[in-house]
file start21.tsv (TSV, C-alpha atoms)
chain	number	residue	atom	x	y	z
P	1	MET	CA	0.00	0.00	0.00
P	2	TYR	CA	1.33	3.38	-1.00
P	3	ILE	CA	-0.32	6.82	-0.81
P	4	THR	CA	0.93	10.03	-2.35
P	5	ASP	CA	-0.22	13.37	-3.75
P	6	THR	CA	1.22	16.21	-5.81
P	7	LYS	CA	2.96	17.67	-2.73
P	8	LYS	CA	4.81	14.45	-1.86
P	9	THR	CA	5.66	13.53	-5.47
P	10	LYS	CA	8.24	15.50	-7.47
P	11	ARG	CA	6.85	17.79	-10.12
P	12	GLU	CA	8.49	17.41	-13.53
P	13	LYS	CA	8.17	19.40	-16.72
P	14	THR	CA	7.00	17.92	-20.02
P	15	LYS	CA	8.71	18.87	-23.28
P	16	GLY	CA	5.85	21.29	-23.92
P	17	GLY	CA	6.42	23.07	-20.59
P	18	ASN	CA	3.50	21.57	-18.67
P	19	SER	CA	3.65	20.01	-15.19
P	20	ILE	CA	3.53	16.25	-14.67
P	21	TRP	CA	3.59	14.23	-11.45
P	22	TRP	CA	4.27	10.47	-11.81
P	23	LEU	CA	2.07	9.57	-8.83
P	24	LEU	CA	1.97	5.76	-9.22
P	25	SER	CA	4.85	4.61	-11.40
P	26	GLU	CA	7.48	1.98	-12.11
P	27	GLU	CA	9.47	3.45	-9.21
P	28	ILE	CA	7.03	1.93	-6.71
P	29	ALA	CA	6.89	-1.33	-8.72
P	30	VAL	CA	3.39	-1.07	-10.14
P	31	PRO	CA	2.93	-4.21	-12.24
P	32	ASN	CA	0.94	-3.06	-15.28
P	33	PHE	CA	0.06	0.63	-15.65
P	34	GLU	CA	1.23	4.02	-14.42
P	35	LEU	CA	-0.94	6.86	-13.15
P	36	ARG	CA	0.22	10.45	-13.71
P	37	TYR	CA	-1.33	13.85	-13.00
P	38	PHE	CA	-0.95	16.67	-15.55
P	39	GLU	CA	-1.57	20.34	-15.13
P	40	ILE	CA	-1.79	22.74	-18.07
P	41	LYS	CA	-1.76	26.44	-17.28
P	42	LYS	CA	-4.06	29.04	-18.84
P	43	ASP	CA	-3.34	29.59	-22.56
P	44	MET	CA	-1.07	26.52	-22.75
P	45	HIS	CA	-1.40	23.13	-24.45
P	46	THR	CA	0.31	19.76	-24.80
P	47	SER	CA	2.39	18.78	-27.83
P	48	CYS	CA	0.42	17.11	-30.60
P	49	ALA	CA	1.10	13.37	-30.11
P	50	SER	CA	0.45	9.94	-31.59
P	51	HIS	CA	1.92	6.67	-30.27
P	52	PRO	CA	1.13	2.96	-30.14
P	53	TRP	CA	-0.25	2.96	-26.58
P	54	GLU	CA	-3.54	4.19	-25.17
P	55	HIS	CA	-4.41	6.94	-22.67
P	56	GLU	CA	-7.17	6.64	-20.09
P	57	ILE	CA	-7.92	10.05	-18.65
P	58	PHE	CA	-10.07	11.51	-15.89
P	59	VAL	CA	-10.50	15.29	-15.74
P	60	VAL	CA	-9.97	16.73	-12.25
P	61	LYS	CA	-10.26	20.50	-12.70
P	62	GLY	CA	-10.61	23.29	-15.22
P	63	ILE	CA	-11.89	23.24	-18.78
P	64	GLY	CA	-10.00	21.62	-21.63
P	65	LEU	CA	-10.24	21.18	-25.34
P	66	LEU	CA	-9.18	17.92	-26.96
P	67	LYS	CA	-8.26	18.05	-30.64
P	68	GLY	CA	-7.19	15.04	-32.65
P	69	LYS	CA	-7.59	12.62	-35.50
P	70	ASP	CA	-8.97	9.08	-35.25
P	71	LEU	CA	-7.68	5.99	-37.05
P	72	ASP	CA	-9.96	6.65	-40.04
P	73	GLY	CA	-8.43	10.11	-40.46
P	74	ARG	CA	-11.46	11.98	-39.12
P	75	THR	CA	-10.60	15.00	-37.00
P	76	PHE	CA	-12.33	15.59	-33.66
P	77	GLU	CA	-12.58	18.53	-31.27
P	78	ARG	CA	-14.32	18.14	-27.91
P	79	LYS	CA	-14.62	20.27	-24.81
P	80	LEU	CA	-13.70	18.61	-21.50
P	81	LYS	CA	-15.00	19.35	-18.00
P	82	PRO	CA	-14.25	17.95	-14.53
P	83	GLN	CA	-15.20	14.29	-14.08
P	84	ASP	CA	-15.13	13.53	-17.81
P	85	ALA	CA	-13.39	10.23	-18.63
P	86	VAL	CA	-11.56	10.09	-21.96
P	87	TYR	CA	-10.18	7.14	-23.90
P	88	ILE	CA	-7.54	7.85	-26.55
P	89	ALA	CA	-6.95	4.67	-28.57
P	90	PRO	CA	-3.44	3.57	-29.62
P	91	ASN	CA	-2.18	5.62	-32.60
P	92	GLU	CA	-4.87	8.28	-32.39
P	93	THR	CA	-3.47	11.79	-32.79
P	94	HIS	CA	-4.31	13.94	-29.76
P	95	GLN	CA	-3.57	17.34	-28.26
P	96	PHE	CA	-4.97	18.92	-25.07
P	97	PHE	CA	-5.53	22.66	-24.68
P	98	ASN	CA	-6.43	24.63	-21.58
P	99	TYR	CA	-9.73	26.18	-22.68
P	100	GLY	CA	-10.59	27.97	-19.43
P	101	ARG	CA	-9.29	30.58	-17.01
P	102	GLU	CA	-7.81	28.33	-14.31
P	103	ALA	CA	-5.37	25.42	-14.57
P	104	PHE	CA	-6.64	22.38	-16.46
P	105	GLY	CA	-5.76	19.22	-14.48
P	106	PHE	CA	-6.27	15.58	-15.35
P	107	VAL	CA	-5.17	12.08	-14.44
P	108	CYS	CA	-3.67	10.07	-17.32
P	109	VAL	CA	-3.02	6.31	-17.11
P	110	ILE	CA	-0.70	4.51	-19.55
P	111	PRO	CA	0.76	0.99	-19.86
P	112	LYS	CA	3.88	0.70	-17.71
P	113	GLY	CA	7.17	1.84	-19.24
P	114	CYS	CA	5.79	3.49	-22.39
P	115	GLU	CA	6.82	7.05	-21.59
P	116	ARG	CA	10.11	6.79	-19.67
S	1	MET	CA	-11.59	8.61	-28.98
S	2	TYR	CA	-14.41	8.23	-26.50
S	3	ILE	CA	-15.65	10.62	-23.81
S	4	THR	CA	-18.11	9.86	-21.05
S	5	ASP	CA	-19.10	10.86	-17.51
S	6	THR	CA	-21.28	9.50	-14.71
S	7	LYS	CA	-24.42	10.88	-16.37
S	8	LYS	CA	-23.81	9.14	-19.71
S	9	THR	CA	-22.58	5.86	-18.19
S	10	LYS	CA	-24.96	3.48	-16.40
S	11	ARG	CA	-24.68	3.44	-12.62
S	12	GLU	CA	-24.41	-0.05	-11.14
S	13	LYS	CA	-24.46	-1.28	-7.58
S	14	THR	CA	-21.61	-3.21	-5.96
S	15	LYS	CA	-22.34	-6.19	-3.69
S	16	GLY	CA	-21.79	-3.88	-0.73
S	17	GLY	CA	-24.46	-1.43	-1.96
S	18	ASN	CA	-22.13	1.27	-3.29
S	19	SER	CA	-22.33	2.94	-6.70
S	20	ILE	CA	-19.93	2.08	-9.51
S	21	TRP	CA	-19.68	3.48	-13.02
S	22	TRP	CA	-17.53	1.52	-15.51
S	23	LEU	CA	-16.44	4.65	-17.39
S	24	LEU	CA	-13.71	3.15	-19.63
S	25	SER	CA	-14.17	-0.60	-19.87
S	26	GLU	CA	-13.96	-3.71	-22.02
S	27	GLU	CA	-17.24	-2.61	-23.64
S	28	ILE	CA	-15.40	0.16	-25.53
S	29	ALA	CA	-12.49	-2.19	-26.29
S	30	VAL	CA	-9.83	-0.74	-24.01
S	31	PRO	CA	-6.74	-2.91	-24.54
S	32	ASN	CA	-5.18	-3.21	-21.08
S	33	PHE	CA	-6.90	-1.60	-18.10
S	34	GLU	CA	-10.35	-0.40	-17.05
S	35	LEU	CA	-11.20	2.87	-15.31
S	36	ARG	CA	-14.16	2.94	-12.94
S	37	TYR	CA	-15.62	5.61	-10.63
S	38	PHE	CA	-16.91	4.62	-7.18
S	39	GLU	CA	-19.07	6.58	-4.80
S	40	ILE	CA	-19.55	5.57	-1.17
S	41	LYS	CA	-22.29	7.35	0.76
S	42	LYS	CA	-21.94	8.74	4.29
S	43	ASP	CA	-21.57	5.96	6.91
S	44	MET	CA	-21.01	3.28	4.25
S	45	HIS	CA	-17.96	1.22	3.24
S	46	THR	CA	-16.78	-1.30	0.68
S	47	SER	CA	-16.52	-5.04	1.37
S	48	CYS	CA	-13.18	-6.15	2.77
S	49	ALA	CA	-11.31	-7.55	-0.26
S	50	SER	CA	-8.11	-9.28	-1.34
S	51	HIS	CA	-7.37	-10.51	-4.87
S	52	PRO	CA	-4.40	-11.16	-7.16
S	53	TRP	CA	-4.65	-7.89	-9.12
S	54	GLU	CA	-3.73	-4.32	-8.15
S	55	HIS	CA	-5.77	-1.15	-7.72
S	56	GLU	CA	-4.59	2.30	-8.75
S	57	ILE	CA	-6.81	4.93	-7.20
S	58	PHE	CA	-7.25	8.70	-7.37
S	59	VAL	CA	-9.51	10.37	-4.81
S	60	VAL	CA	-11.98	12.83	-6.36
S	61	LYS	CA	-14.15	14.02	-3.46
S	62	GLY	CA	-14.93	13.52	0.20
S	63	ILE	CA	-12.87	11.98	2.97
S	64	GLY	CA	-12.12	8.27	3.17
S	65	LEU	CA	-10.44	5.82	5.46
S	66	LEU	CA	-8.46	2.93	4.02
S	67	LYS	CA	-7.96	-0.09	6.27
S	68	GLY	CA	-6.01	-3.15	5.27
S	69	LYS	CA	-3.21	-5.61	5.70
S	70	ASP	CA	-0.02	-5.75	3.65
S	71	LEU	CA	1.75	-8.86	2.36
S	72	ASP	CA	3.83	-9.12	5.56
S	73	GLY	CA	0.65	-9.23	7.64
S	74	ARG	CA	1.00	-5.66	8.97
S	75	THR	CA	-2.27	-3.80	9.28
S	76	PHE	CA	-2.61	-0.24	8.01
S	77	GLU	CA	-5.16	2.52	8.43
S	78	ARG	CA	-4.84	5.78	6.49
S	79	LYS	CA	-7.08	8.77	5.93
S	80	LEU	CA	-7.69	9.80	2.30
S	81	LYS	CA	-8.44	13.24	0.87
S	82	PRO	CA	-9.16	14.58	-2.63
S	83	GLN	CA	-6.23	14.26	-5.04
S	84	ASP	CA	-4.56	11.46	-3.07
S	85	ALA	CA	-3.27	8.63	-5.29
S	86	VAL	CA	-3.30	5.15	-3.75
S	87	TYR	CA	-1.64	1.94	-4.87
S	88	ILE	CA	-3.02	-1.33	-3.49
S	89	ALA	CA	-0.64	-4.16	-4.43
S	90	PRO	CA	-1.91	-7.57	-5.61
S	91	ASN	CA	-3.15	-9.68	-2.67
S	92	GLU	CA	-3.17	-6.84	-0.16
S	93	THR	CA	-6.32	-6.83	1.97
S	94	HIS	CA	-8.18	-3.52	1.67
S	95	GLN	CA	-11.42	-1.85	2.67
S	96	PHE	CA	-12.58	1.74	2.05
S	97	PHE	CA	-14.81	3.66	4.44
S	98	ASN	CA	-16.54	6.98	3.98
S	99	TYR	CA	-14.99	8.97	6.82
S	100	GLY	CA	-16.65	12.31	6.12
S	101	ARG	CA	-20.07	13.94	5.80
S	102	GLU	CA	-20.45	13.99	2.01
S	103	ALA	CA	-20.07	11.21	-0.55
S	104	PHE	CA	-16.57	9.75	-0.90
S	105	GLY	CA	-15.72	9.40	-4.60
S	106	PHE	CA	-12.68	7.91	-6.27
S	107	VAL	CA	-11.39	6.60	-9.58
S	108	CYS	CA	-10.11	3.00	-9.47
S	109	VAL	CA	-8.14	1.41	-12.33
S	110	ILE	CA	-7.69	-2.38	-12.65
S	111	PRO	CA	-6.23	-4.74	-15.25
S	112	LYS	CA	-8.86	-5.49	-17.92
S	113	GLY	CA	-11.31	-8.29	-17.21
S	114	CYS	CA	-10.43	-8.91	-13.56
S	115	GLU	CA	-13.76	-7.86	-12.06
S	116	ARG	CA	-16.40	-8.84	-14.62
call {"tool": "encode", "arguments": {"input": "start21.tsv", "output": "structure tokens"}}
result
Amino acid sequence: MYITDTKKTKREKTKGGNSIWWLLSEEIAVPNFELRYFEIKKDMHTSCASHPWEHEIFVVKGIGLLKGKDLDGRTFERKLKPQDAVYIAPNETHQFFNYGREAFGFVCVIPKGCER
Amino acid sequence: MYITDTKKTKREKTKGGNSIWWLLSEEIAVPNFELRYFEIKKDMHTSCASHPWEHEIFVVKGIGLLKGKDLDGRTFERKLKPQDAVYIAPNETHQFFNYGREAFGFVCVIPKGCER
């Protein structure tokens, strides 16, 4: 059993300049998947990404905009609010924007080892 | 890409009488892990459980109490608050109590197919 939060876990910066906390990660020997918390400041966004693993996301605070392209090449653009759950399938193009006035924060779970 | 919330997803009842929403599950063909949202009302708790798969949890609202026993037989009891992340290792005994006055809500991720 292990408990942490964003105060006890080290904050890191993503390539795009956003904050990430690896709350439940390889470092504590999770067997299958890692749980991170992201925070995107006002007027900022993530890099546009596509990769062979999935994201499972739960929005914690703020308002976001998700832009992307599905596997059939169709673009999508959807607003996100707290308590929305989002599935990004493997190889789907995706980019998250802060679309509100406060920080946009969300939990993002990935298969272990894919992003380190 | 798939987006849902607790209004769009069917609420189900656990054996212990608590609410569970399978937000991102096998039904939408997630490849590896399933993301559920639990809500435990005031004065209620989950069943005491132990099983060979892990839980990765993120507390969304309310105050909880986690009681359990680790793999060395040591008991633990820890208070939980919003934005705490909790890892329950495979085969650790665990039980969640609502320890506050409002509903206690948390996200719980498990390996796909373990609880259906």
call {"tool": "closest_residue", "arguments": {"input": "start21.tsv", "among": "S:Val59, S:Ala85, S:Cys108, S:Leu65", "to": "chain P", "atoms": "all atoms listed in the file"}}
result
S:Ala85
call {"tool": "interface_residues", "arguments": {"input": "start21.tsv", "of": "chain S", "to": "chain P", "cutoff": "7 Å", "atoms": "all atoms listed in the file", "output": "list of chain:residue names"}}
result
S:Met1, S:Tyr2, S:Ile3, S:Thr4, S:Asp5, S:Leu23, S:Leu24, S:Asp70, S:Gln83, S:Asp84, S:Ala85, S:Val86, S:Tyr87, S:Ile88, S:Ala89
call {"tool": "residues_around", "arguments": {"input": "start21.tsv", "residues": "P:Lys13", "least_positions_apart": "2", "cutoff": "12 Å", "atoms": "only C-alpha atoms", "output": "PDB file with C-alpha atoms, in the frame of the given file"}}
result
ATOM      1  CA  LYS P  10       8.240  15.500  -7.470  1.00  0.00           C
ATOM      2  CA  ARG P  11       6.850  17.790 -10.120  1.00  0.00           C
ATOM      3  CA  LYS P  15       8.710  18.870 -23.280  1.00  0.00           C
ATOM      4  CA  GLY P  16       5.850  21.290 -23.920  1.00  0.00           C
ATOM      5  CA  GLY P  17       6.420  23.070 -20.590  1.00  0.00           C
ATOM      6  CA  ASN P  18       3.500  21.570 -18.670  1.00  0.00           C
ATOM      7  CA  SER P  19       3.650  20.010 -15.190  1.00  0.00           C
ATOM      8  CA  ILE P  20       3.530  16.250 -14.670  1.00  0.00           C
ATOM      9  CA  TRP P  21       3.590  14.230 -11.450  1.00  0.00           C
ATOM     10  CA  TRP P  22       4.270  10.470 -11.810  1.00  0.00           C
ATOM     11  CA  TYR P  37      -1.330  13.850 -13.000  1.00  0.00           C
ATOM     12  CA  PHE P  38      -0.950  16.670 -15.550  1.00  0.00           C
ATOM     13  CA  GLU P  39      -1.570  20.340 -15.130  1.00  0.00           C
ATOM     14  CA  ILE P  40      -1.790  22.740 -18.070  1.00  0.00           C
ATOM     15  CA  THR P  46       0.310  19.760 -24.800  1.00  0.00           C
TER      16      THR P  46
END
call {"tool": "calpha_fit_and_write", "arguments": {"input": "start21.tsv", "fixed": "chain S", "moving": "chain P", "output": "CSV table (one decimal) with C-alpha atoms, in the coordinates of the input"}}
result
chain,number,residue,atom,x,y,z
P,1,MET,CA,-11.6,8.6,-29.0
P,2,TYR,CA,-14.4,8.2,-26.5
P,3,ILE,CA,-15.6,10.6,-23.8
P,4,THR,CA,-18.1,9.9,-21.1
P,5,ASP,CA,-19.1,10.9,-17.5
P,6,THR,CA,-21.3,9.5,-14.7
P,7,LYS,CA,-24.4,10.9,-16.4
P,8,LYS,CA,-23.8,9.1,-19.7
P,9,THR,CA,-22.6,5.9,-18.2
P,10,LYS,CA,-25.0,3.5,-16.4
P,11,ARG,CA,-24.7,3.4,-12.6
P,12,GLU,CA,-24.4,0.0,-11.1
P,13,LYS,CA,-24.5,-1.3,-7.6
P,14,THR,CA,-21.6,-3.2,-6.0
P,15,LYS,CA,-22.3,-6.2,-3.7
P,16,GLY,CA,-21.8,-3.9,-0.7
P,17,GLY,CA,-24.5,-1.4,-2.0
P,18,ASN,CA,-22.1,1.3,-3.3
P,19,SER,CA,-22.3,3.0,-6.7
P,20,ILE,CA,-19.9,2.1,-9.5
P,21,TRP,CA,-19.7,3.5,-13.0
P,22,TRP,CA,-17.5,1.5,-15.5
P,23,LEU,CA,-16.4,4.7,-17.4
P,24,LEU,CA,-13.7,3.2,-19.6
P,25,SER,CA,-14.2,-0.6,-19.9
P,26,GLU,CA,-14.0,-3.7,-22.0
P,27,GLU,CA,-17.2,-2.6,-23.6
P,28,ILE,CA,-15.4,0.2,-25.5
P,29,ALA,CA,-12.5,-2.2,-26.3
P,30,VAL,CA,-9.8,-0.7,-24.0
P,31,PRO,CA,-6.7,-2.9,-24.5
P,32,ASN,CA,-5.2,-3.2,-21.1
P,33,PHE,CA,-6.9,-1.6,-18.1
P,34,GLU,CA,-10.3,-0.4,-17.1
P,35,LEU,CA,-11.2,2.9,-15.3
P,36,ARG,CA,-14.2,2.9,-12.9
P,37,TYR,CA,-15.6,5.6,-10.6
P,38,PHE,CA,-16.9,4.6,-7.2
P,39,GLU,CA,-19.1,6.6,-4.8
P,40,ILE,CA,-19.5,5.6,-1.2
P,41,LYS,CA,-22.3,7.4,0.8
P,42,LYS,CA,-22.0,8.7,4.3
P,43,ASP,CA,-21.6,6.0,6.9
P,44,MET,CA,-21.0,3.3,4.3
P,45,HIS,CA,-18.0,1.2,3.2
P,46,THR,CA,-16.8,-1.3,0.7
P,47,SER,CA,-16.5,-5.0,1.4
P,48,CYS,CA,-13.2,-6.1,2.8
P,49,ALA,CA,-11.3,-7.5,-0.3
P,50,SER,CA,-8.1,-9.3,-1.3
P,51,HIS,CA,-7.4,-10.5,-4.9
P,52,PRO,CA,-4.4,-11.2,-7.2
P,53,TRP,CA,-4.7,-7.9,-9.1
P,54,GLU,CA,-3.7,-4.3,-8.2
P,55,HIS,CA,-5.8,-1.1,-7.7
P,56,GLU,CA,-4.6,2.3,-8.7
P,57,ILE,CA,-6.8,4.9,-7.2
P,58,PHE,CA,-7.2,8.7,-7.4
P,59,VAL,CA,-9.5,10.4,-4.8
P,60,VAL,CA,-12.0,12.8,-6.4
P,61,LYS,CA,-14.1,14.0,-3.5
P,62,GLY,CA,-14.9,13.5,0.2
P,63,ILE,CA,-12.9,12.0,3.0
P,64,GLY,CA,-12.1,8.3,3.2
P,65,LEU,CA,-10.4,5.8,5.5
P,66,LEU,CA,-8.5,2.9,4.0
P,67,LYS,CA,-8.0,-0.1,6.3
P,68,GLY,CA,-6.0,-3.2,5.3
P,69,LYS,CA,-3.2,-5.6,5.7
P,70,ASP,CA,0.0,-5.7,3.6
P,71,LEU,CA,1.8,-8.9,2.4
P,72,ASP,CA,3.8,-9.1,5.6
P,73,GLY,CA,0.7,-9.2,7.6
P,74,ARG,CA,1.0,-5.7,9.0
P,75,THR,CA,-2.3,-3.8,9.3
P,76,PHE,CA,-2.6,-0.2,8.0
P,77,GLU,CA,-5.2,2.5,8.4
P,78,ARG,CA,-4.8,5.8,6.5
P,79,LYS,CA,-7.1,8.8,5.9
P,80,LEU,CA,-7.7,9.8,2.3
P,81,LYS,CA,-8.4,13.2,0.9
P,82,PRO,CA,-9.2,14.6,-2.6
P,83,GLN,CA,-6.2,14.2,-5.0
P,84,ASP,CA,-4.6,11.5,-3.1
P,85,ALA,CA,-3.3,8.6,-5.3
P,86,VAL,CA,-3.3,5.2,-3.8
P,87,TYR,CA,-1.6,1.9,-4.9
P,88,ILE,CA,-3.0,-1.3,-3.5
P,89,ALA,CA,-0.6,-4.2,-4.4
P,90,PRO,CA,-1.9,-7.6,-5.6
P,91,ASN,CA,-3.1,-9.7,-2.7
P,92,GLU,CA,-3.2,-6.8,-0.2
P,93,THR,CA,-6.3,-6.8,2.0
P,94,HIS,CA,-8.2,-3.5,1.7
P,95,GLN,CA,-11.4,-1.9,2.7
P,96,PHE,CA,-12.6,1.7,2.0
P,97,PHE,CA,-14.8,3.6,4.4
P,98,ASN,CA,-16.5,7.0,4.0
P,99,TYR,CA,-15.0,9.0,6.8
P,100,GLY,CA,-16.7,12.3,6.1
P,101,ARG,CA,-20.1,14.0,5.8
P,102,GLU,CA,-20.5,14.0,2.0
P,103,ALA,CA,-20.1,11.2,-0.6
P,104,PHE,CA,-16.6,9.7,-0.9
P,105,GLY,CA,-15.7,9.4,-4.6
P,106,PHE,CA,-12.7,7.9,-6.3
P,107,VAL,CA,-11.4,6.6,-9.6
P,108,CYS,CA,-10.1,3.0,-9.5
P,109,VAL,CA,-8.1,1.4,-12.3
P,110,ILE,CA,-7.7,-2.4,-12.6
P,111,PRO,CA,-6.2,-4.7,-15.3
P,112,LYS,CA,-8.8,-5.5,-17.9
P,113,GLY,CA,-11.3,-8.3,-17.2
P,114,CYS,CA,-10.4,-8.9,-13.6
P,115,GLU,CA,-13.8,-7.8,-12.1
P,116,ARG,CA,-16.4,-8.8,-14.6
call {"tool": "residues_around", "arguments": {"input": "start21.tsv", "residues": "S:Tyr99", "least_positions_apart": "2", "cutoff": "12 Å", "atoms": "only C-alpha atoms", "output": "short mmCIF file (atom, residue, chain, number, x, y, z; two decimals) with C-alpha atoms, keeping the file's coordinate frame"}}
result
data_model
loop_
_atom_site.label_atom_id
_atom_site.label_comp_id
_atom_site.auth_asym_id
_atom_site.auth_seq_id
_atom_site.Cartn_x
_atom_site.Cartn_y
_atom_site.Cartn_z
CA ILE S 40 -19.55 5.57 -1.17
CA LYS S 41 -22.29 7.35 0.76
CA LYS S 42 -21.94 8.74 4.29
CA ASP S 43 -21.57 5.96 6.91
CA MET S 44 -21.01 3.28 4.25
CA HIS S 45 -17.96 1.22 3.24
CA LYS S 61 -14.15 14.02 -3.46
CA GLY S 62 -14.93 13.52 0.20
CA ILE S 63 -12.87 11.98 2.97
CA GLY S 64 -12.12 8.27 3.17
CA LEU S 65 -10.44 5.82 5.46
CA LEU S 66 -8.46 2.93 4.02
CA LYS S 67 -7.96 -0.09 6.27
CA GLU S 77 -5.16 2.52 8.43
CA ARG S 78 -4.84 5.78 6.49
CA LYS S 79 -7.08 8.77 5.93
CA LEU S 80 -7.69 9.80 2.30
CA LYS S 81 -8.44 13.24 0.87
CA PHE S 96 -12.58 1.74 2.05
CA PHE S 97 -14.81 3.66 4.44
CA ARG S 101 -20.07 13.94 5.80
CA GLU S 102 -20.45 13.99 2.01
CA ALA S 103 -20.07 11.21 -0.55
CA PHE S 104 -16.57 9.75 -0.90
CA GLY S 105 -15.72 9.40 -4.60
#
call {"tool": "atom_distance", "arguments": {"input": "start21.tsv", "atom1": "atom CA of P:Ala49", "atom2": "atom CA of P:Thr75"}}
result
13.7 Å
call {"tool": "axis_aligned_box", "arguments": {"input": "start21.tsv", "around": "stretch 59-71 of chain S", "padding_each_side": "3 Å", "output": "AutoDock Vina command-line options"}}
result
--center_x -6.6 --center_y 2.6 --center_z 0.0 --size_x 22.7 --size_y 28.9 --size_z 18.6
call {"tool": "atom_distance", "arguments": {"input": "start21.tsv", "atom1": "atom CA of P:Pro52", "atom2": "atom CA of P:Asn98"}}
result
24.5 Å
call {"tool": "atom_distance", "arguments": {"input": "start21.tsv", "atom1": "atom CA of P:Gln95", "atom2": "atom CA of P:Asp72"}}
result
17.1 Å
call {"tool": "closest_residue", "arguments": {"input": "start21.tsv", "among": "P:Arg74, P:Phe106, P:Lys112, P:Ser50", "to": "P:Glu27", "atoms": "all atoms listed in the file"}}
result
P:Lys112
call {"tool": "build_atoms", "arguments": {"input": "start21.tsv", "residues": "stretch 44-62 of chain S", "atoms": "N, CA and C atoms", "output": "PDB file, in the frame of the given file"}}
result
ATOM      1  N   MET S  44     -21.100   4.578   4.947  1.00  0.00           N
ATOM      2  CA  MET S  44     -21.010   3.280   4.250  1.00  0.00           C
ATOM      3  C   MET S  44     -19.540   2.924   3.967  1.00  0.00           C
ATOM      4  N   HIS S  45     -19.321   1.709   3.529  1.00  0.00           N
ATOM      5  CA  HIS S  45     -17.960   1.220   3.240  1.00  0.00           C
ATOM      6  C   HIS S  45     -18.026   0.137   2.176  1.00  0.00           C
ATOM      7  N   THR S  46     -16.858  -0.188   1.628  1.00  0.00           N
ATOM      8  CA  THR S  46     -16.780  -1.300   0.680  1.00  0.00           C
ATOM      9  C   THR S  46     -16.630  -2.617   1.456  1.00  0.00           C
ATOM     10  N   SER S  47     -16.813  -3.733   0.770  1.00  0.00           N
ATOM     11  CA  SER S  47     -16.520  -5.040   1.370  1.00  0.00           C
ATOM     12  C   SER S  47     -15.012  -5.139   1.570  1.00  0.00           C
ATOM     13  N   CYS S  48     -14.599  -5.883   2.567  1.00  0.00           N
ATOM     14  CA  CYS S  48     -13.180  -6.150   2.770  1.00  0.00           C
ATOM     15  C   CYS S  48     -12.735  -7.109   1.655  1.00  0.00           C
ATOM     16  N   ALA S  49     -11.676  -6.778   0.932  1.00  0.00           N
ATOM     17  CA  ALA S  49     -11.310  -7.550  -0.260  1.00  0.00           C
ATOM     18  C   ALA S  49      -9.816  -7.847  -0.327  1.00  0.00           C
ATOM     19  N   SER S  50      -9.497  -8.927  -1.022  1.00  0.00           N
ATOM     20  CA  SER S  50      -8.110  -9.280  -1.340  1.00  0.00           C
ATOM     21  C   SER S  50      -8.168 -10.120  -2.609  1.00  0.00           C
ATOM     22  N   HIS S  51      -7.309  -9.818  -3.576  1.00  0.00           N
ATOM     23  CA  HIS S  51      -7.370 -10.510  -4.870  1.00  0.00           C
ATOM     24  C   HIS S  51      -6.035 -10.331  -5.582  1.00  0.00           C
ATOM     25  N   PRO S  52      -5.750 -11.170  -6.562  1.00  0.00           N
ATOM     26  CA  PRO S  52      -4.400 -11.160  -7.160  1.00  0.00           C
ATOM     27  C   PRO S  52      -4.116 -10.026  -8.141  1.00  0.00           C
ATOM     28  N   TRP S  53      -4.966  -9.020  -8.241  1.00  0.00           N
ATOM     29  CA  TRP S  53      -4.650  -7.890  -9.120  1.00  0.00           C
ATOM     30  C   TRP S  53      -4.592  -6.600  -8.282  1.00  0.00           C
ATOM     31  N   GLU S  54      -3.931  -5.594  -8.851  1.00  0.00           N
ATOM     32  CA  GLU S  54      -3.730  -4.320  -8.150  1.00  0.00           C
ATOM     33  C   GLU S  54      -4.887  -3.350  -8.363  1.00  0.00           C
ATOM     34  N   HIS S  55      -4.919  -2.315  -7.507  1.00  0.00           N
ATOM     35  CA  HIS S  55      -5.770  -1.150  -7.720  1.00  0.00           C
ATOM     36  C   HIS S  55      -4.874   0.073  -7.814  1.00  0.00           C
ATOM     37  N   GLU S  56      -5.189   0.969  -8.758  1.00  0.00           N
ATOM     38  CA  GLU S  56      -4.590   2.300  -8.750  1.00  0.00           C
ATOM     39  C   GLU S  56      -5.739   3.293  -8.646  1.00  0.00           C
ATOM     40  N   ILE S  57      -5.672   4.113  -7.611  1.00  0.00           N
ATOM     41  CA  ILE S  57      -6.810   4.930  -7.200  1.00  0.00           C
ATOM     42  C   ILE S  57      -6.439   6.403  -7.165  1.00  0.00           C
ATOM     43  N   PHE S  58      -7.420   7.242  -7.503  1.00  0.00           N
ATOM     44  CA  PHE S  58      -7.250   8.700  -7.370  1.00  0.00           C
ATOM     45  C   PHE S  58      -8.517   9.228  -6.706  1.00  0.00           C
ATOM     46  N   VAL S  59      -8.350   9.899  -5.573  1.00  0.00           N
ATOM     47  CA  VAL S  59      -9.510  10.370  -4.810  1.00  0.00           C
ATOM     48  C   VAL S  59     -10.047  11.657  -5.439  1.00  0.00           C
ATOM     49  N   VAL S  60     -11.350  11.698  -5.695  1.00  0.00           N
ATOM     50  CA  VAL S  60     -11.980  12.830  -6.360  1.00  0.00           C
ATOM     51  C   VAL S  60     -12.709  13.741  -5.372  1.00  0.00           C
ATOM     52  N   LYS S  61     -13.433  13.165  -4.424  1.00  0.00           N
ATOM     53  CA  LYS S  61     -14.150  14.020  -3.460  1.00  0.00           C
ATOM     54  C   LYS S  61     -14.415  13.297  -2.157  1.00  0.00           C
ATOM     55  N   GLY S  62     -14.605  14.093  -1.102  1.00  0.00           N
ATOM     56  CA  GLY S  62     -14.930  13.520   0.200  1.00  0.00           C
ATOM     57  C   GLY S  62     -13.685  13.060   0.952  1.00  0.00           C
TER      58      GLY S  62
END
